[in-house]
Amino acid sequence: MDVSFILVILLFGAAATWFVGDKLASKAALIFSTAALAATLYVIYRYNQGAPVSFIYLWNQSPRIFLGFQADGLSLTMTLLTTALTPIIVFSSFGNLFPKTRAFYALILFMAFAMVGTFLSVDGLVYYVFWELSLIPIYFIALIWGSGTAEERKKSVIKFFIYTFAGSLFMLVAFVYLYQRTGSFLNLHLYKAMLTSTEQTWIFAAFFLAYAIKTPIIPFHTWQANVYQKAPTAGTMLLSGIMLKMALFSIIRWQLPITPWAANEYKYIVIGLCIAGVIYGSILALKQTDLKKLLAYSSLAHVGLIAAGAYTLTLDGLRGAFLQMIAHGFVVVGLFFAAEVINRRFETGEISGMGGIRVQSPKFTSMFMILVLASVALPGTFNFVGEFEVLYSLAQSNIWFAVIGGTTIILGAFYMLRMFQQVMLGEKNEKFFADVTVSEGAVFVIILAVLLFFGLYPKPITDFITPELEKVLVYINRFNK
Amino acid sequence: METNLALLLLFAPFAGFLINIFFGKKLSKTLTGTLGTVAVAVSFAATLYFFLQVLQTKTPVMVNLFEWLHLANFTVNFSFQLDQLSLLWLMFVTGIGTLIHMYSISYMHDDENMHKFFAYLNLFVFFMITLVMGSNLLIMFIGWEGVGLCSYLLIGFWYKNQEYNDAAKKAFIMNRIGDLGFLIGIFILAYLFHTVEYDLMKAELENGWSVDKAWLGIAMLCLFIGACGKSAQLPLYTWLPDAMAGPTPVSALIHAATMVTAGIFMITRLNFLFNLTPDVLEIIAVVGAVTSLVAASIGLVQNDIKKVLAYSTVSQLGLIFLALGLGAYEIAVFHVITHAFFKACLFLGSGSVIHALHGEQDMRNMGGLRKVMKITFVTFLISTLAISGLPPFSGFFSKDEILMTAFHHNKPLWVIGSLASIMTAFYMFRLLYLTFYKDFRGTEEQKHHLHESPTLITFPLIVLAILALVGGAISLPGMSWLNEYLAPVMAKPAEHHHLGNTEYMLMGIAVVGALIGIGVAYAKYIKKGEVPPADAQITGVTNVLYNKYYVDEIYTAIIIKPIYAIGSFFKNVTEVALSGFVFGLGRAATLLGNQGKTVQNGSIGFYLLVFVLGVCSILGYIFLVK
């Protein structure tokens with residue numbers, strides 16, 4: 001059994017979910033996504049035993065295209081993140097009634113399929129196809145099942161689609177150029193290419209555009225907040241929990257090792273941009289009146305810091321970024337789910353319509369509180385581990401990066417606690433708020449367990465990813481010594 | 001065995017937290033309270049065991065659990081160290097902690113969420129123990145942020161009141177400003193030493209490891225900023241008075257006796273590093289002295305009994321920082337301990353008063369309580385004498401040592417410290433007179449219900465008052481047990497002041513100063529029988545002091561408001577402009593797309609089917625061919 005089975009399960013699951021019909025679709029989706037998780041765990045187990053679990057197949061002779069799925073510490077971790085979050089996202093949607101149920105759940109699985117493909121692909125062209133493929137399901141999910149009027153929704157979703165699609169086209173051009181230059185799309189071949197500084201600059205920029213839009217890094221972020229708000233929560237979770245990590249992962253997998261000279265040359269500008277995003281996102285989060293939008297801007301701030309860590313080109317920065325990707329994936333899914341839980345009861349996303357929830361729902365309050373604390377990176381949560389490493393790497397790059405980036409711990413506490421106060425505390429709300437149901441509680445408990453466990457014991461993940469990151473660093477350093 | 005006992009010391013309060021948070025609601029109130037108290041008492045017993053052991057063996061107990069963080073040039077373990085300094089701290093944290101838990105059983109008995117109160121209080125003790133016991137800076141940081149969290153939860157304990165929630169939020173955020181300083185300090189130290197373990201850093205220095213002095217200075221300054229946040233020093237002190245929104249036992253435990261001493265603990269712990277950066281020490285001394293004076297002057301005119309005590313705490317902490325800045329770490333620790341005794345007693349005493357008056361905190365509506373609340377009054381009087389610095393009460397010895405050291409090193413700071421002390425004597429006696437003397441000024445109804453508090457409340461008061469009375473004995477001038485005890489954790493031996501004429505003269509000045517303060521208070525509030533005027537009638541300098549120099553308003557105007565203004569600009573201008581630009585591009589594309597619209601029929605099902613079938617056939621083809 002190799003990694004391609006995970007893809008097969010997800011794709012077959014998507015088809016099966018569609019064919020079993022509306023009634024059984026949600027359960028089918030849960031079964032197949034859990035099966036994919038089990039398969040991922042099994043593959044990781046085999047990988048750790050040294051068994052060959054990669055898959056490679058020459059698809060096309062000319063141009064040479066490989067259908068190759070590489071299993072290593074990085075891609076397997078991201079695959080695990082995807083297949084672990086997917087059942088959570090599916091399960092968290094059980095409390096909602098969607099029209100065209102089967103399409104909804106089939107699209108979620110299909111999206112997971114495309115994202116796992118993106119993480120595993122070794123061939124630039126195949127990678128690109130998966131990258132774009134993932135855009136299609138989320139486009140429909142946001143468009144069909146989103147909130148607000150159809151017109152508004154269409155506006156923000158189309159903007160998102162065109163924006164990210166346009167960015168990716170530059171990446172495609174870069175790949176085509178690289179193929180002509182090296183005769184290969186394979187990442188290992190591209191890592192060894194000795195490109196001139198001009199070539200590197202252009203390719204770096206092309207990649208950067210694709211990734212900066214998808215992450216997003218300011219000023220390429222304007223699609224984000226509206227889509228996060230308008231999309232159904234499952235869609236927002238897919239976007240923020242996993243999809244944006246495709247970009248952060250790709251920085252480490254593709255951009256930095258292929259164009260290390262340019263990465264080193266422009267790192268201060270790029271880090272500066274990322275860190276500016278931390279402050280920009282945090283301050284905007286303070287001004288939001290819609291809960292999901294607030295979380296969207298908070299996410300903008302957090303991913304800015306993650307990207308900054310990756311662009312330091314140091315082991316600590318890369319590792320911190322990687323750990324933070326996973327931690328952020330879980331915490332952001334949890335937070336958006338909390339927003340959804342409130343939305344199910346109050347039918348609003350407006351913060352001003354909330355408040356006085358704590359007095360009615362102690363369990364929900366505790367879980368939400370812990371998520372907030374994880375989001376502000378309290379030591380003991382997984383988010384602290386990543387944030388600490390990223391900030392430490394930034395401090396070594398330039399102490400001011402750490403100081404300015406570090407304001408996230410102050411501003412983050414500011415907007416998150418302010419939000420928590422307005423949403424949860426105060427006199428009892430006139431509207432009834434039922435405490436979490438068993439299934440809602442289960443979603444929170446799983447997420448919190450992950451965040452707290454790895455907050456205290458991140459070693460399994462650290463040990464799993466470090467050797468691969470060291471290899472990436474070797475490629476990065478081939479120009480910069 | 002040792003490891004297990006150390007873990008019991010650490011985790012007993014955590015177990016209390018877990019039990020109370022998960023099952024507390026089902027248990028009776030007395031049981032939750034007892035559980036919470038016993039959990040801390042267990043820690044105290046374990047601490048006592050180790051304390052006695054280390055007294056004899058003089059070798060610290062180390063506990064190493066497992067690796068936590070792994071970075072390129074250093075690793076961080078979950079490891080703990082029980083040495084002279086941490087055990088001393090644990091003694092009063094768990095000891096006073098036990099007393100305050102006991103007190104809370106009665107004090108919080110009418111609260112519907114009593115089990116949560118005890119859960120949070122236990123959690124606080126757990127994090128405080130972590131902070132103190134950790135053998136490296138990162139473990140300290142876990143405790144550091146953890147106690148901040150508990151402080152947040154407990155200040156906002158009555159969460160229906162949004163003002164209290166504001167106070168809680170403010171405390172957390174201001175602490176986080178300090179925490180960023182702390183983190184940056186850790187980064188620099190980790191970079192310089194390739195470790196964050198105290199002992200390893202110390203060993204490296206002893207082995208001649210060369211450190212960049214400029215960077216070390218910046219690191220120590222950053223750590224001091226962290227201490228300013230947690231220990232409420234200028235300019236980050238404004239959260240502490242607001243923190244009085246929490247229930248009174250919280251003010252006593254967290255905001256007087258233990259958590260706010262964390263900054264002092266950290267600086268004492270790192271004394272071997274601070275010694276290398278005399279400039280930073282100088283800054284600490286000045287900040288401490290100025291804080292003590294500013295806070296004391298605000299305390300002169302406050303009318304809320306807890307606010308007076310809060311400003312007094314800030315002021316006393318300022319004095320302690322003055323001692324730290326002068327390199328007199330032992331003396332700082334000495335005052336931390338005596339302060340913990342008398343300030344905890346004062347806060348608990350004020351709680352007893354507030355309890356008797358059903359929530360009244362304004363001293364203008366008190367008076368005459370000494371007749372009905374005899375035990376509260378006597379214990380309060382002892383502690384007031386102690387904080388005012390009169391012999392033979394404990395505060396006299398510790399405060400006098402600080403002022404004496406200041407006199408020998410830096411005369412202007414001695415003057416500032418002495419002024420603050422005179423003010424302290426005044427406002428504390430003002431508080432005492434307004435609360436306990438003359439006639440009762442509250443409502444008739446309150447008057448009928450006046451009563452002495454139950455034993456669970458008075459017992460801790462008595463114990464603390466006794467400690468406030470005799471606590472000075474641990475470090476008498478000329479023969480200090482404390483200095484000797486702490487010698488192994490100090491990089492430099494304690495300064496020894498020969499008791500000559502100057503020293504006796506200084507003691508005399510300090511006592512006369514305190515008596516002047518008390519005398520003025522007596523003349524004003526007993527002889528003339530004055531009662532502070534209603535808020536509207538406060539004018540002039542008093543008004544400026546009453547409004548705390550308008551520091552909160554200034555912070556709002558120069559920090560909070562600009563942040564919101566920038567936020568509005570980002571939201572209404574930048575975002576709209578950026579978004580409009582992209583959407584313009586989008587519109588052009590849509591126009592093009594419209595040409596092809598006719599081909600699409602809009603059925604997602606169809607799209608999906610085609611899509612899935614396509615990909616399936618590709619994959620199927622590959623597998624079959626393979």
# chains A, B, ... in the order shown; residues from 1 in each chain; ligands from 1
>>> select_by_dssp(residues="range 184-293 of chain A", states="alpha helix (DSSP H)", output="count of residues only")
75
>>> residues_around(residues="Cys274 in chain A", least_positions_apart="5", cutoff="8 Å", atoms="only C-alpha atoms", output="PDB file with C-alpha atoms, in the first residue's frame")
ATOM      1  CA  ILE A 217       0.176  37.766   2.168  1.00  0.00           C
ATOM      2  CA  ILE A 218      -0.710  41.456   2.018  1.00  0.00           C
ATOM      3  CA  GLY A 304       1.870  36.167   7.721  1.00  0.00           C
ATOM      4  CA  LEU A 305       4.038  35.106  10.621  1.00  0.00           C
ATOM      5  CA  ALA A 307       5.382  32.688   5.925  1.00  0.00           C
ATOM      6  CA  ALA A 308       7.906  35.013   7.538  1.00  0.00           C
TER       7      ALA A 308
END
>>> residues_around(residues="range 76-93 of chain A", least_positions_apart="4", cutoff="6 Å", atoms="only C-alpha atoms", output="ChimeraX atom specification")
/A:30,33-34,37,71-72,116,234
>>> closest_residue(among="B:Ala6, B:Ala256, B:Met140, B:Met108", to="chain A", atoms="only C-alpha atoms")
B:Met140
>>> atom_distance(atom1="CA of Leu97 in chain A", atom2="CA of Gly349 in chain A")
17.9 Å
>>> residues_around(residues="Met1 in chain B", least_positions_apart="5", cutoff="12 Å", atoms="only C-alpha atoms", output="list in words")
Ala6, Leu7, Leu8, Ala46, Phe50, Val61 and Val63 of chain B
>>> interface_residues(of="chain B", to="chain A", cutoff="7 Å", atoms="only C-alpha atoms", output="list in words")
Trp68, Leu71, Ala72, Ile142, Glu145, Tyr159, Lys160, Asn161, Gln162, Asn165, Lys169, Ile173, Arg176, Ile177, Leu180, Phe187, Gly567, Ser568, Phe570, Lys571, Glu575, Leu578, Ser579, Phe583, Gly586, Gly605 and Val612 of chain B
>>> write_last_selection(atoms="C-alpha atoms", output="tab-separated table (two decimals), in the first residue's frame")
chain	number	residue	atom	x	y	z
B	68	TRP	CA	9.79	19.87	25.01
B	71	LEU	CA	15.79	24.27	18.24
B	72	ALA	CA	18.90	24.49	16.14
B	142	ILE	CA	4.82	28.67	30.98
B	145	GLU	CA	1.74	33.19	31.14
B	159	TYR	CA	-18.35	37.89	34.17
B	160	LYS	CA	-21.82	39.35	33.91
B	161	ASN	CA	-20.35	42.72	34.77
B	162	GLN	CA	-18.65	44.06	31.66
B	165	ASN	CA	-14.38	41.93	32.13
B	169	LYS	CA	-8.83	41.97	29.63
B	173	ILE	CA	-3.06	42.61	27.56
B	176	ARG	CA	1.39	40.54	27.42
B	177	ILE	CA	3.30	43.72	26.60
B	180	LEU	CA	6.85	40.15	24.65
B	187	PHE	CA	15.67	34.86	22.46
B	567	GLY	CA	-7.92	50.35	12.02
B	568	SER	CA	-10.67	52.52	10.59
B	570	PHE	CA	-7.26	50.32	6.99
B	571	LYS	CA	-10.85	49.17	6.89
B	575	GLU	CA	-9.01	47.63	2.02
B	578	LEU	CA	-6.95	47.31	-2.79
B	579	SER	CA	-10.15	45.45	-3.28
B	583	PHE	CA	-12.17	43.77	-8.73
B	586	GLY	CA	-11.93	40.82	-12.29
B	605	GLY	CA	-23.99	17.78	-10.76
B	612	VAL	CA	-14.82	12.86	-11.42
>>> residues_around(residues="range 117-119 of chain B", least_positions_apart="3", cutoff="7 Å", atoms="only C-alpha atoms", output="number ranges by chain")
B: 16-17, 20-21, 33, 36, 113-114, 122-123
>>> write_last_selection(atoms="C-alpha atoms", output="PDB file, in the first residue's frame")
ATOM      1  CA  GLY B  16      -7.614  19.939  42.500  1.00  0.00           C
ATOM      2  CA  PHE B  17      -8.304  22.037  39.435  1.00  0.00           C
ATOM      3  CA  ASN B  20     -13.321  20.966  40.646  1.00  0.00           C
ATOM      4  CA  ILE B  21     -13.709  21.958  37.020  1.00  0.00           C
ATOM      5  CA  GLY B  33     -13.663  24.290  48.991  1.00  0.00           C
ATOM      6  CA  GLY B  36      -9.197  22.944  46.797  1.00  0.00           C
ATOM      7  CA  ASN B 113     -19.874  29.240  40.818  1.00  0.00           C
ATOM      8  CA  MET B 114     -17.822  28.485  43.892  1.00  0.00           C
ATOM      9  CA  ASN B 122      -5.911  25.836  42.223  1.00  0.00           C
ATOM     10  CA  LEU B 123      -4.866  26.309  38.643  1.00  0.00           C
TER      11      LEU B 123
END
>>> closest_residue(among="A:Ala51, A:Leu186, A:Ala247, A:Ala225", to="Glu132 in chain A", atoms="only C-alpha atoms")
A:Ala247
>>> closest_residue(among="B:Ala425, B:Ala340, B:Leu326, B:Ile331", to="Ile100 in chain B", atoms="only C-alpha atoms")
B:Ala340
>>> closest_residue(among="A:Ile203, A:Leu120, A:Ile351, A:Val278", to="Pro216 in chain A", atoms="only C-alpha atoms")
A:Val278
>>> atom_distance(atom1="CA of Phe51 in chain B", atom2="CA of Thr32 in chain B")
28.6 Å
>>> residues_around(residues="Ala338 in chain A", least_positions_apart="6", cutoff="10 Å", atoms="only C-alpha atoms", output="list in words")
Thr233, Leu291, Lys292, Val332, Arg344, Phe364, Thr365, Met367, Phe368, Leu371, Val436, Glu440 and Phe444 of chain A
>>> select_by_dssp(residues="range 48-151 of chain A", states="strand (DSSP E or B)", output="ChimeraX atom specification")
/A:55-60,65-69,121,123
>>> residues_around(residues="range 380-394 of chain B", least_positions_apart="2", cutoff="7 Å", atoms="only C-alpha atoms", output="PyMOL selection string")
chain B and resi 338+342+345-346+349+376-378+396-399+424-425+428+465+468-472+511+514
>>> write_last_selection(atoms="C-alpha atoms", output="JSON list (two decimals), in the first residue's frame")
[["chain", "number", "residue", "atom", "x", "y", "z"],
["B", 338, "THR", "CA", 7.27, 40.29, 54.94],
["B", 342, "PHE", "CA", 1.15, 41.80, 55.98],
["B", 345, "CYS", "CA", -3.45, 39.99, 55.96],
["B", 346, "LEU", "CA", -4.56, 43.50, 54.98],
["B", 349, "GLY", "CA", -8.94, 41.92, 56.51],
["B", 376, "THR", "CA", -10.32, 41.76, 62.11],
["B", 377, "PHE", "CA", -9.40, 45.05, 63.70],
["B", 378, "VAL", "CA", -6.48, 43.78, 65.77],
["B", 396, "PHE", "CA", 10.30, 47.72, 59.82],
["B", 397, "PHE", "CA", 13.27, 45.43, 59.32],
["B", 398, "SER", "CA", 12.83, 44.78, 55.65],
["B", 399, "LYS", "CA", 11.95, 48.32, 54.64],
["B", 424, "THR", "CA", 2.55, 54.85, 53.17],
["B", 425, "ALA", "CA", 2.30, 55.40, 56.91],
["B", 428, "MET", "CA", -2.50, 53.23, 55.77],
["B", 465, "ALA", "CA", -0.90, 38.80, 61.64],
["B", 468, "ALA", "CA", 3.54, 40.01, 60.09],
["B", 469, "LEU", "CA", 4.55, 40.60, 63.66],
["B", 470, "VAL", "CA", 7.49, 38.23, 63.93],
["B", 471, "GLY", "CA", 8.47, 37.70, 60.28],
["B", 472, "GLY", "CA", 11.32, 40.17, 60.61],
["B", 511, "VAL", "CA", 10.69, 55.65, 62.43],
["B", 514, "ALA", "CA", 6.49, 56.89, 59.83]]
